[in-house]
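Okay, input-v6.txt now, which holds compact mmCIF, C-alpha atoms:
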# COMPACT_ATOMS: atom_id res chain seq x y z
CA MET A 1 67.69 163.58 125.71
CA CYS A 2 68.15 159.91 124.74
CA LYS A 3 65.97 157.68 126.88
CA THR A 4 66.84 154.42 125.10
CA PRO A 5 69.58 153.39 122.71
CA ALA A 6 66.92 151.95 120.43
CA ALA A 7 65.69 155.43 119.47
CA PRO A 8 66.93 156.18 115.93
CA ASP A 9 68.17 159.69 116.69
CA CYS A 10 70.07 158.45 119.73
CA HIS A 11 71.71 155.29 118.40
CA LEU A 12 74.99 156.80 117.23
CA ARG A 13 75.45 158.90 120.40
CA TRP A 14 74.71 155.86 122.59
CA MET A 15 77.28 153.74 120.76
CA THR A 16 79.89 156.49 121.15
CA SER A 17 79.05 156.97 124.80
CA GLY A 18 79.19 153.21 125.39
CA ALA A 19 82.57 152.93 123.75
CA LEU A 20 83.95 155.80 125.83
CA SER A 21 82.55 154.23 128.99
CA THR A 22 84.21 150.92 128.16
CA THR A 23 87.50 152.69 127.48
CA ARG A 24 87.29 154.48 130.82
CA ALA A 25 86.52 151.19 132.51
CA ALA A 26 89.61 149.63 131.01
CA ALA A 27 91.74 152.59 132.09
CA LEU A 28 90.31 152.44 135.58
CA ALA A 29 90.89 148.74 135.77
CA PHE A 30 94.50 149.14 134.61
CA GLY A 31 95.18 151.76 137.26
CA LEU A 32 93.50 149.75 140.02
CA PHE A 33 95.62 146.72 139.20
CA PHE A 34 98.76 148.59 140.13
CA THR A 35 97.42 150.38 143.21
CA LEU A 36 95.54 147.61 145.04
CA PRO A 37 96.70 144.27 146.43
CA VAL A 38 96.37 141.64 143.76
CA SER A 39 93.33 139.84 145.19
CA ASP A 40 91.47 143.09 145.82
CA ALA A 41 92.53 144.46 142.46
CA ILE A 42 91.04 141.53 140.56
CA ASP A 43 87.70 141.82 142.39
CA THR A 44 87.61 145.58 141.86
CA ILE A 45 88.51 145.29 138.16
CA THR A 46 85.82 142.70 137.61
CA ASN A 47 83.16 144.81 139.29
CA ALA A 48 84.26 148.00 137.55
CA VAL A 49 84.30 146.51 134.06
CA THR A 50 81.08 144.54 134.51
CA SER A 51 79.18 147.54 135.81
CA LEU A 52 80.20 149.75 132.89
CA VAL A 53 79.63 147.31 130.00
CA PRO A 54 76.25 147.71 128.26
CA ALA A 55 73.76 145.12 129.49
CA ASN A 56 72.90 143.80 126.04
CA ILE A 57 76.44 142.33 125.59
CA GLY A 58 75.71 139.69 128.19
CA ASN A 59 77.72 138.34 131.09
CA LEU A 60 81.39 139.12 130.40
CA GLY A 61 83.34 137.38 133.16
CA PHE A 62 86.93 136.08 132.95
CA ILE A 63 88.12 132.87 131.26
CA SER A 64 89.33 130.33 133.78
CA PRO A 65 92.76 128.73 133.29
CA ALA A 66 91.09 125.39 132.46
CA GLN A 67 89.08 127.02 129.67
CA GLY A 68 92.15 128.74 128.20
CA GLN A 69 94.38 125.66 128.01
CA PRO A 70 94.14 122.44 125.96
CA ALA A 71 92.50 119.53 127.66
CA ALA A 72 94.85 117.26 129.57
CA LEU A 73 96.11 114.26 127.60
CA THR A 74 94.95 110.80 128.45
CA LYS A 75 97.61 108.25 129.35
CA SER A 76 97.46 106.62 125.92
CA GLN A 77 97.80 110.01 124.22
CA SER A 78 100.70 110.97 126.46
CA ASP A 79 102.39 107.63 125.76
CA ALA A 80 101.96 108.13 122.02
CA LEU A 81 103.47 111.61 122.24
CA ASN A 82 106.44 110.38 124.28
CA THR A 83 107.03 107.49 121.91
CA TYR A 84 107.00 109.80 118.92
CA ASN A 85 109.40 112.29 120.52
CA LYS A 86 111.79 109.46 121.31
CA ALA A 87 111.55 108.11 117.75
CA VAL A 88 112.43 111.52 116.33
CA SER A 89 115.35 111.82 118.74
CA ASP A 90 116.61 108.35 117.84
CA PHE A 91 116.39 109.13 114.12
CA LYS A 92 118.35 112.35 114.58
CA SER A 93 120.96 110.49 116.58
CA ILE A 94 121.61 107.78 114.01
CA LEU A 95 121.71 110.34 111.20
CA SER A 96 124.32 112.37 113.09
CA GLN A 97 126.33 109.26 113.90
CA ARG A 98 126.43 108.07 110.29
CA ARG A 99 127.25 111.55 108.99
CA ALA A 100 130.16 111.84 111.43
CA GLN A 101 131.50 108.46 110.35
CA ILE A 102 131.33 109.35 106.67
CA ASP A 103 132.81 112.83 107.06
CA SER A 104 135.73 111.48 109.09
CA ASN A 105 136.30 108.58 106.65
CA GLN A 106 135.66 105.99 109.35
CA PRO A 107 134.94 102.45 108.15
CA LEU A 108 131.24 101.70 108.16
CA SER A 109 129.67 98.60 109.60
CA ASN A 110 128.18 95.89 107.43
CA LEU A 111 124.82 97.07 106.02
CA PRO A 112 125.20 100.63 107.35
CA GLY A 113 121.82 101.69 105.98
CA GLN A 114 119.77 99.24 108.02
CA ALA A 115 119.80 101.21 111.27
CA LEU A 116 118.83 104.40 109.41
CA TYR A 117 116.03 102.63 107.60
CA LEU A 118 114.58 101.18 110.79
CA ALA A 119 114.85 104.49 112.66
CA ARG A 120 113.13 106.31 109.79
CA ASN A 121 110.34 103.73 109.79
CA ASN A 122 109.95 104.01 113.56
CA MET A 123 109.54 107.78 113.29
CA ILE A 124 106.86 107.52 110.61
CA SER A 125 105.08 104.74 112.48
CA ALA A 126 105.17 106.65 115.76
CA HIS A 127 103.75 109.75 114.06
CA LYS A 128 100.87 107.70 112.61
CA ASP A 129 100.15 106.27 116.08
CA LEU A 130 100.29 109.79 117.51
CA THR A 131 97.85 111.23 114.98
CA ASP A 132 95.54 108.25 115.46
CA ALA A 133 95.48 109.09 119.17
CA LEU A 134 95.51 112.89 118.66
CA PRO A 135 94.09 113.86 115.25
CA SER A 136 94.88 117.50 116.03
CA LYS A 137 98.56 116.61 115.50
CA ILE A 138 97.98 116.13 111.77
CA GLY A 139 99.84 119.07 110.31
CA ARG A 140 100.46 120.80 107.01
CA PRO A 141 101.44 119.09 103.75
CA ASN A 142 105.12 118.31 103.24
CA LYS A 143 107.36 118.57 100.20
CA PHE A 144 107.66 114.78 100.00
CA ALA A 145 103.87 114.43 99.66
CA ILE A 146 103.79 111.89 102.45
CA PRO A 147 100.32 111.87 104.01
CA PRO A 148 100.48 114.36 106.92
CA ALA A 149 99.05 111.76 109.28
CA TYR A 150 102.32 109.87 108.83
CA PHE A 151 104.84 112.70 108.76
CA ASP A 152 105.42 116.10 110.34
CA ALA A 153 106.57 118.63 107.75
CA ASP A 154 108.90 120.19 110.33
CA ASN A 155 111.08 117.10 109.94
CA GLU A 156 111.70 117.50 106.22
CA PRO A 157 115.43 118.24 106.80
CA LEU A 158 115.80 114.85 108.45
CA LEU A 159 114.56 113.03 105.36
CA ASP A 160 116.79 115.22 103.18
CA GLU A 161 119.79 114.08 105.21
CA TYR A 162 118.54 110.48 105.10
CA ALA A 163 118.52 110.54 101.30
CA ASN A 164 121.92 112.25 101.13
CA LEU A 165 123.53 109.61 103.33
CA PHE A 166 122.10 106.76 101.28
CA ASN A 167 123.35 108.36 98.08
CA ILE A 168 126.84 108.18 99.55
CA MET A 169 126.55 104.69 101.03
CA GLN A 170 124.99 103.21 97.87
CA ALA A 171 127.33 104.75 95.32
CA PRO A 172 128.15 102.39 92.41
CA PRO A 173 131.46 100.52 92.61
CA GLY A 174 134.39 102.09 90.82
CA ASN A 175 134.32 99.57 87.97
CA ALA A 176 130.58 99.99 87.24
CA GLN A 177 129.76 100.64 83.59
CA ASN A 178 127.31 103.48 83.19
CA SER A 179 125.19 104.35 80.18
CA ASN A 180 124.87 107.83 78.71
CA THR A 181 121.20 107.09 78.05
CA PRO A 182 120.03 105.09 81.08
CA PHE A 183 116.31 105.89 80.80
CA HIS A 184 116.17 105.33 77.05
CA ASP A 185 117.91 101.98 77.52
CA VAL A 186 115.25 100.77 79.96
CA VAL A 187 112.42 101.80 77.63
CA ASP A 188 114.10 100.26 74.57
CA LEU A 189 114.77 96.95 76.31
CA GLY A 190 111.30 96.73 77.83
CA THR A 191 109.66 97.53 74.51
CA ALA A 192 111.77 95.02 72.58
CA ILE A 193 111.13 92.26 75.12
CA GLY A 194 107.41 93.01 74.94
CA ARG A 195 107.45 92.65 71.17
CA ALA A 196 109.39 89.39 71.46
CA GLU A 197 106.66 88.14 73.81
CA GLY A 198 104.05 88.75 71.11
CA LEU A 199 102.71 92.20 71.99
CA ASP A 200 101.55 94.60 69.33
CA ALA A 201 103.22 97.99 69.03
CA ALA A 202 100.93 99.83 71.45
CA ASN A 203 101.13 97.20 74.16
CA ALA A 204 104.89 96.83 73.69
CA GLN A 205 105.08 100.53 74.47
CA VAL A 206 103.24 99.83 77.73
CA ALA A 207 105.91 97.23 78.53
CA GLY A 208 108.57 99.90 78.02
CA ARG A 209 106.73 102.31 80.27
CA ILE A 210 106.28 99.71 83.01
CA SER A 211 109.98 98.81 82.78
CA LEU A 212 110.91 102.42 83.41
CA GLY A 213 108.62 102.39 86.44
CA MET A 214 110.55 99.39 87.81
CA PHE A 215 113.84 101.27 87.37
CA PHE A 216 112.52 104.16 89.45
CA ALA A 217 110.91 101.89 92.03
CA GLU A 218 114.04 99.83 92.61
CA THR A 219 116.75 102.51 92.53
CA ASN A 220 114.99 105.84 92.09
CA GLY A 221 116.31 105.90 88.53
CA LYS A 222 119.98 105.57 89.53
CA GLN A 223 122.07 103.17 87.49
CA ASN A 224 124.46 100.57 88.90
CA MET A 225 123.52 101.39 92.46
CA GLY A 226 124.85 99.47 95.43
CA ASN A 227 122.75 98.55 98.44
CA ALA A 228 123.39 99.72 101.99
CA ARG A 229 120.88 97.23 103.35
CA SER A 230 121.81 94.04 101.50
CA ASN A 231 124.91 92.24 100.32
CA LYS A 232 122.84 90.23 97.86
CA TYR A 233 120.87 92.63 95.66
CA LYS A 234 122.77 95.09 93.47
CA GLY A 235 122.60 97.08 90.27
CA SER A 236 120.11 99.12 88.30
CA LEU A 237 117.18 96.81 89.02
CA GLN A 238 118.55 95.31 92.27
CA THR A 239 118.92 91.66 91.40
CA GLY A 240 120.74 88.77 93.03
CA VAL A 241 123.39 86.69 91.26
CA SER A 242 121.05 83.78 90.53
CA GLU A 243 118.35 86.09 89.21
CA ASP A 244 120.84 87.82 86.94
CA GLN A 245 122.10 84.51 85.59
CA ASN A 246 118.57 83.27 84.98
CA GLY A 247 117.87 86.47 83.06
CA GLN A 248 120.95 85.95 80.91
CA LYS A 249 119.73 82.50 79.88
CA LYS A 250 116.26 83.76 79.04
CA TRP A 251 117.69 86.63 76.98
CA ALA A 252 119.85 84.24 74.96
CA ALA A 253 116.71 82.30 74.08
CA ILE A 254 114.93 85.30 72.49
CA LYS A 255 117.83 87.37 71.16
CA LYS A 256 117.57 86.03 67.60
CA SER A 257 113.92 86.99 67.39
CA ILE A 258 114.73 90.49 68.66
CA ALA A 259 117.55 90.85 66.12
CA ALA A 260 115.05 90.11 63.35
CA PHE A 261 112.81 93.12 64.11
CA ASP A 262 115.30 95.43 65.86
CA PRO A 263 118.84 94.89 64.51
CA ALA A 264 120.06 98.17 66.00
CA LEU A 265 119.14 97.08 69.52
CA SER A 266 120.76 93.70 68.93
CA ALA A 267 123.96 95.41 67.79
CA ARG A 268 123.97 97.58 70.93
CA ASP A 269 123.58 94.44 73.00
CA ASP A 270 126.58 92.84 71.29
CA LYS A 271 128.71 95.87 72.16
CA GLU A 272 127.63 95.80 75.80
CA GLU A 273 128.40 92.09 76.04
CA VAL A 274 131.95 92.77 74.84
CA ARG A 275 132.26 95.75 77.15
CA VAL A 276 131.14 93.91 80.29
CA GLY A 277 133.49 90.98 79.69
CA ASN A 278 133.95 89.05 82.92
CA LEU A 279 132.53 91.80 85.13
CA ASP A 280 129.43 91.10 87.18
CA GLN A 281 126.71 91.91 84.65
CA ARG A 282 124.68 93.63 87.37
CA PHE A 283 127.16 96.50 87.22
CA ASN A 284 126.74 97.19 83.53
CA HIS A 285 123.53 99.20 83.29
CA TRP A 286 122.40 97.68 79.99
CA THR A 287 122.95 94.03 80.91
CA ALA A 288 121.61 94.55 84.46
CA VAL A 289 118.30 95.92 83.17
CA ARG A 290 118.05 93.36 80.38
CA ASN A 291 118.67 90.40 82.68
CA ALA A 292 116.37 91.67 85.44
CA LEU A 293 113.46 92.23 83.06
CA MET A 294 113.93 88.82 81.50
CA ASN A 295 114.12 87.13 84.90
CA ALA A 296 111.06 88.63 86.58
CA HIS A 297 108.80 90.31 84.05
CA ALA A 298 109.18 89.12 80.47
CA ASP A 299 106.76 86.20 80.64
CA LEU A 300 104.11 88.48 82.17
CA PHE A 301 104.40 91.07 79.41
CA ALA A 302 102.17 88.84 77.27
CA GLN A 303 99.37 89.54 79.78
CA ILE A 304 99.63 93.32 79.44
CA PRO A 305 96.44 93.69 77.35
CA ALA A 306 94.41 92.01 80.11
CA ILE A 307 96.27 93.95 82.81
CA VAL A 308 95.55 97.26 81.08
CA LYS A 309 91.90 96.34 80.87
CA ALA A 310 91.75 95.47 84.58
CA LEU A 311 93.95 98.40 85.66
CA PRO A 312 93.66 101.29 83.18
CA ASP A 313 95.70 103.66 85.38
CA PRO A 314 99.40 103.45 84.30
CA ILE A 315 100.47 103.98 87.92
CA ASP A 316 98.46 100.94 89.01
CA GLN A 317 100.10 98.92 86.24
CA MET A 318 103.53 99.84 87.59
CA ARG A 319 102.44 99.00 91.12
CA LEU A 320 101.33 95.56 89.98
CA PHE A 321 104.66 94.81 88.33
CA GLU A 322 106.50 96.03 91.41
CA LEU A 323 104.47 93.48 93.38
CA ILE A 324 105.98 90.88 91.04
CA GLN A 325 109.31 91.93 92.58
CA ILE A 326 107.97 91.71 96.14
CA ILE A 327 105.47 88.83 96.20
CA PRO A 328 105.78 87.11 92.81
CA SER A 329 103.78 83.93 93.43
CA PRO A 330 100.70 85.59 94.99
CA THR A 331 100.71 88.26 92.29
CA ARG A 332 100.75 85.66 89.55
CA SER A 333 97.93 83.81 91.28
CA ALA A 334 95.92 87.04 91.47
CA LEU A 335 96.41 87.60 87.74
CA LYS A 336 95.11 84.09 87.01
CA SER A 337 92.12 84.47 89.32
CA GLY A 338 89.98 86.44 86.90
CA ASN A 339 89.23 89.04 89.59
CA LEU A 340 92.51 90.78 90.29
CA ALA A 341 91.16 93.62 92.41
CA LYS A 342 89.26 91.36 94.82
CA TYR A 343 91.88 88.63 95.12
CA GLU A 344 92.69 88.42 98.84
CA ILE A 345 95.98 87.79 100.60
CA SER A 346 95.80 86.42 104.14
CA ASP A 347 98.95 84.32 104.53
CA PRO A 348 100.92 85.82 107.48
CA THR A 349 104.23 85.34 105.65
CA ILE A 350 103.01 87.24 102.60
CA MET A 351 101.63 90.04 104.77
CA ARG A 352 105.03 90.26 106.43
CA TYR A 353 106.74 90.60 103.05
CA LEU A 354 104.36 93.44 102.22
CA ARG A 355 105.10 95.20 105.50
CA ASN A 356 108.82 94.78 104.84
CA ASN A 357 108.29 96.70 101.61
CA SER A 358 106.55 99.77 103.05
CA ILE A 359 103.04 98.39 102.47
CA PHE A 360 100.91 98.31 105.63
CA THR A 361 104.11 99.19 107.46
CA PHE A 362 103.56 102.38 109.43
CA GLY A 363 101.63 102.54 112.66
CA GLN A 364 99.83 99.95 114.73
CA ALA A 365 96.59 100.18 112.77
CA ASP A 366 98.28 99.43 109.44
CA ARG A 367 100.46 96.69 110.85
CA ALA A 368 97.51 94.99 112.52
CA LYS A 369 95.96 94.08 109.15
CA THR A 370 95.86 90.33 108.72
CA SER A 371 94.51 90.28 105.17
CA ALA A 372 94.05 92.57 102.19
CA THR A 373 92.66 92.49 98.67
CA PHE A 374 94.92 93.42 95.79
CA ARG A 375 92.97 96.64 95.40
CA GLU A 376 93.79 97.50 99.01
CA ILE A 377 97.42 96.53 98.48
CA LEU A 378 97.74 98.71 95.39
CA ASP A 379 96.18 101.65 97.24
CA ALA A 380 98.56 101.13 100.16
CA MET A 381 101.63 101.50 97.93
CA TRP A 382 101.63 105.27 98.44
CA LEU A 383 105.37 105.50 99.05
CA PHE A 384 105.94 104.27 95.50
CA SER A 385 103.56 106.70 93.85
CA ASP A 386 105.93 109.62 93.38
CA LYS A 387 108.52 107.35 91.78
CA PHE A 388 106.01 105.93 89.36
CA GLU A 389 104.67 109.37 88.49
CA ARG A 390 108.19 110.58 87.74
CA ALA A 391 108.79 107.49 85.63
CA LEU A 392 105.60 108.24 83.69
CA SER A 393 106.72 111.82 83.16
CA LYS A 394 110.15 110.68 81.96
CA PHE A 395 108.56 108.17 79.59
CA ASN A 396 106.38 110.83 78.00
CA GLU A 397 109.42 113.09 77.74
CA ILE A 398 111.37 110.40 75.89
CA LYS A 399 108.43 109.71 73.62
CA ALA A 400 108.02 113.41 72.76
CA GLN A 401 111.75 113.77 72.14
CA ARG A 402 111.82 110.84 69.76
CA LYS A 403 108.74 112.04 67.97
CA GLY A 404 110.57 115.31 67.32
CA GLU A 405 113.54 113.39 66.00
CA ASN A 406 111.31 111.18 63.84
CA GLN A 407 112.49 108.22 65.90
CA GLN A 408 109.18 107.42 67.45
CA LEU A 409 108.49 104.64 69.85
CA PRO A 410 105.82 102.21 68.61
CA THR A 411 102.64 104.14 68.07
CA GLY A 412 100.22 104.45 70.94
CA PRO A 413 98.55 107.00 73.15
CA THR A 414 100.46 109.46 75.31
CA PHE A 415 99.55 108.88 78.93
CA ALA A 416 99.19 112.02 80.97
CA LYS A 417 100.09 111.96 84.64
CA GLN A 418 97.09 110.50 86.40
CA PRO A 419 96.06 110.76 90.04
CA SER A 420 96.50 107.81 92.32
CA VAL A 421 93.41 105.79 93.09
CA ALA A 422 93.94 106.93 96.67
CA PRO A 423 94.98 110.57 96.09
CA GLN A 424 95.49 111.28 99.77
CA ARG A 425 98.32 108.76 99.75
CA VAL A 426 101.11 109.78 97.45
CA GLY A 427 104.72 108.96 97.66
CA GLY A 428 107.98 110.56 98.63
CA GLN A 429 109.81 113.07 96.47
CA GLY A 430 112.96 111.35 95.33
CA LEU A 431 113.51 109.47 98.57
CA GLU A 432 114.49 105.83 98.67
CA PHE A 433 111.38 104.70 100.46
CA ALA A 434 109.94 101.33 99.60
CA SER A 435 112.03 98.30 100.38
CA GLY A 436 112.13 95.05 102.23
CA SER A 437 112.16 91.31 101.67
CA ARG A 438 111.00 89.58 98.54
CA CYS A 439 108.75 86.58 98.88
CA CYS A 440 109.79 83.23 97.60
CA ASN A 441 113.38 84.33 97.02
CA GLN A 442 114.72 83.94 100.54
CA GLY A 443 114.31 87.57 101.42
CA ARG A 444 115.07 90.82 99.69
CA ASP A 445 116.42 94.12 100.96
CA PRO A 446 116.62 96.67 98.18
CA PRO A 447 118.08 100.13 98.78
CA ALA A 448 117.16 102.73 101.31
CA GLN A 449 113.55 103.31 100.42
Could you show the structure in this file as structure tokens?
Amino acid sequence: MCKTPAAPDCHLRWMTSGALSTTRAAALAFGLFFTLPVSDAIDTITNAVTSLVPANIGNLGFISPAQGQPAALTKSQSDALNTYNKAVSDFKSILSQRRAQIDSNQPLSNLPGQALYLARNNMISAHKDLTDALPSKIGRPNKFAIPPAYFDADNEPLLDEYANLFNIMQAPPGNAQNSNTPFHDVVDLGTAIGRAEGLDAANAQVAGRISLGMFFAETNGKQNMGNARSNKYKGSLQTGVSEDQNGQKKWAAIKKSIAAFDPALSARDDKEEVRVGNLDQRFNHWTAVRNALMNAHADLFAQIPAIVKALPDPIDQMRLFELIQIIPSPTRSALKSGNLAKYEISDPTIMRYLRNNSIFTFGQADRAKTSATFREILDAMWLFSDKFERALSKFNEIKAQRKGENQQLPTGPTFAKQPSVAPQRVGGQGLEFASGSRCCNQGRDPPAQ
């Protein structure tokens, strides 16, 4: 006879007996629940089960409703949740409205992308505020690689529709002049301009790579694109009329020097000049890219060796040149400072331009920043990162292709895709994300971003 379950020869039989007793207790409890009044049944079940469970399991008891449910939200948490739900609803509503207008061929309002852009931003901002208040709401990764604190992966279809609508609204005009080699053109022009500015072959190649990054940043690599958020900025690198004209003048000043070392590129340029005729040069891909690079970037290409030394990551280099598009004067000042990474921006107007370009834009915590170093600004450009990484991949693809054809770009290292300095913050897969107003040029509203 087993006197204690601790006895070795009794252990197995005690475990079996205990299991059977527990099973009987459960059966008894189940039957009692349906034969007694509810209040009596619960008391009887509790007593029956507790009395038959082995003592060494401890006090079983039932879980109270409060223990089995999430803790009640505070008012601020509840407000954040309600605000987010409304932002999602508003975004769905404007997407549906714009889709219905397009599908029924209704005329669209002036700047039809602006309401979508603002509603998209409100949703992302509200989600960041929600996850700041309730970190448990941070969900799984999403296909756009937006940090989960800013975006709920369940809403991926909304951003798909957002991109699809902008593709329609920003289609090139009917008379736009496309190129059969749009990416190669950008690299060739950037490289040639770099050489004309005095760069050696390797650094001129960096200029070509950075130029391709600008093409992706401004239009997601789409040539001759319109702009559903601005009547001023158009074309492959989203320039205004005055910027385009300034670029034309600067190109004329260096074209002879380019013809001397790259006659084939000069001949291509002559053909495109004839082709564009009296058309707005922003809607010929070649001339649009050429003029935009000359206007905003050419004079800075000479500083590429120092920039590469300060920012060895190719993605950071592209970010810096995109900041030339957004806040040109402060960026130039930072480059001259001798300590680019620690150069601080605190002017409220400049901070507003950054926020208008998806930098420190989303959520109250980000928008509350009153100053930032350039290192912090570069790290905050996470909505650009995917575009720049795809530009880098395309550049290496072009380089490999030309190497196979014995038509190599100027010699230099192949840059593998590198992680962002802030790897938790990477950008959006093919979406038109980053946009806003450019400093010192009376405002800028590039495409959907």
Please provide the set of residues having any atom within 8 Å of stretch 121-133 of chain A, restricted to only C-alpha atoms, with same-chain residues fewer than 6 positions apart removed, written as an mmCIF file with C-alpha atoms, keeping the file's coordinate frame.
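As a result, out-v4.cif now contains:
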data_model
loop_
_atom_site.group_PDB
_atom_site.id
_atom_site.type_symbol
_atom_site.label_atom_id
_atom_site.label_comp_id
_atom_site.auth_asym_id
_atom_site.auth_seq_id
_atom_site.Cartn_x
_atom_site.Cartn_y
_atom_site.Cartn_z
ATOM 1 C CA SER A 76 97.460 106.620 125.920
ATOM 2 C CA GLN A 77 97.800 110.010 124.220
ATOM 3 C CA ALA A 80 101.960 108.130 122.020
ATOM 4 C CA LEU A 81 103.470 111.610 122.240
ATOM 5 C CA THR A 83 107.030 107.490 121.910
ATOM 6 C CA TYR A 84 107.000 109.800 118.920
ATOM 7 C CA ALA A 87 111.550 108.110 117.750
ATOM 8 C CA VAL A 88 112.430 111.520 116.330
ATOM 9 C CA PHE A 91 116.390 109.130 114.120
ATOM 10 C CA ALA A 149 99.050 111.760 109.280
ATOM 11 C CA TYR A 150 102.320 109.870 108.830
ATOM 12 C CA PHE A 151 104.840 112.700 108.760
ATOM 13 C CA ASP A 152 105.420 116.100 110.340
ATOM 14 C CA THR A 361 104.110 99.190 107.460
ATOM 15 C CA PHE A 362 103.560 102.380 109.430
ATOM 16 C CA GLY A 363 101.630 102.540 112.660
ATOM 17 C CA GLN A 364 99.830 99.950 114.730
ATOM 18 C CA ALA A 365 96.590 100.180 112.770
#
Completion exercise
Correct to one decimal, the distance atom CA of A:Ser257-atom CA of A:Asp244 is 20.8 Å
Practice task
Do a neighbour search on stretch 154-161 of chain A at 12 Å with all atoms listed in the file, toss out local chain neighbours closer than 6 positions, and write the hits as a ChimeraX atom specification.
Solution key: /A:85,87-99,116-117,119-121,123-124,127,138-146,148,167-168,428-433,448-449
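Residues within 6 Å of A:Ala228, counting only C-alpha atoms and excluding same-chain residues fewer than 5 positions away, are Leu111, Pro112, Gly113, Met169 and Gln170 of chain A.
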Near A:Ile254, within 9 Å and counting only C-alpha atoms, which residues show up once chain neighbours fewer than 4 positions away are dropped, as a PDB file with C-alpha atoms, keeping the file's coordinate frame?
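Output below, filename around_26.pdb:
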ATOM      1  CA  ILE A 193     111.130  92.260  75.120  1.00  0.00           C
ATOM      2  CA  ALA A 196     109.390  89.390  71.460  1.00  0.00           C
ATOM      3  CA  GLU A 197     106.660  88.140  73.810  1.00  0.00           C
ATOM      4  CA  LYS A 250     116.260  83.760  79.040  1.00  0.00           C
ATOM      5  CA  ILE A 258     114.730  90.490  68.660  1.00  0.00           C
ATOM      6  CA  ALA A 259     117.550  90.850  66.120  1.00  0.00           C
TER       7      ALA A 259
END
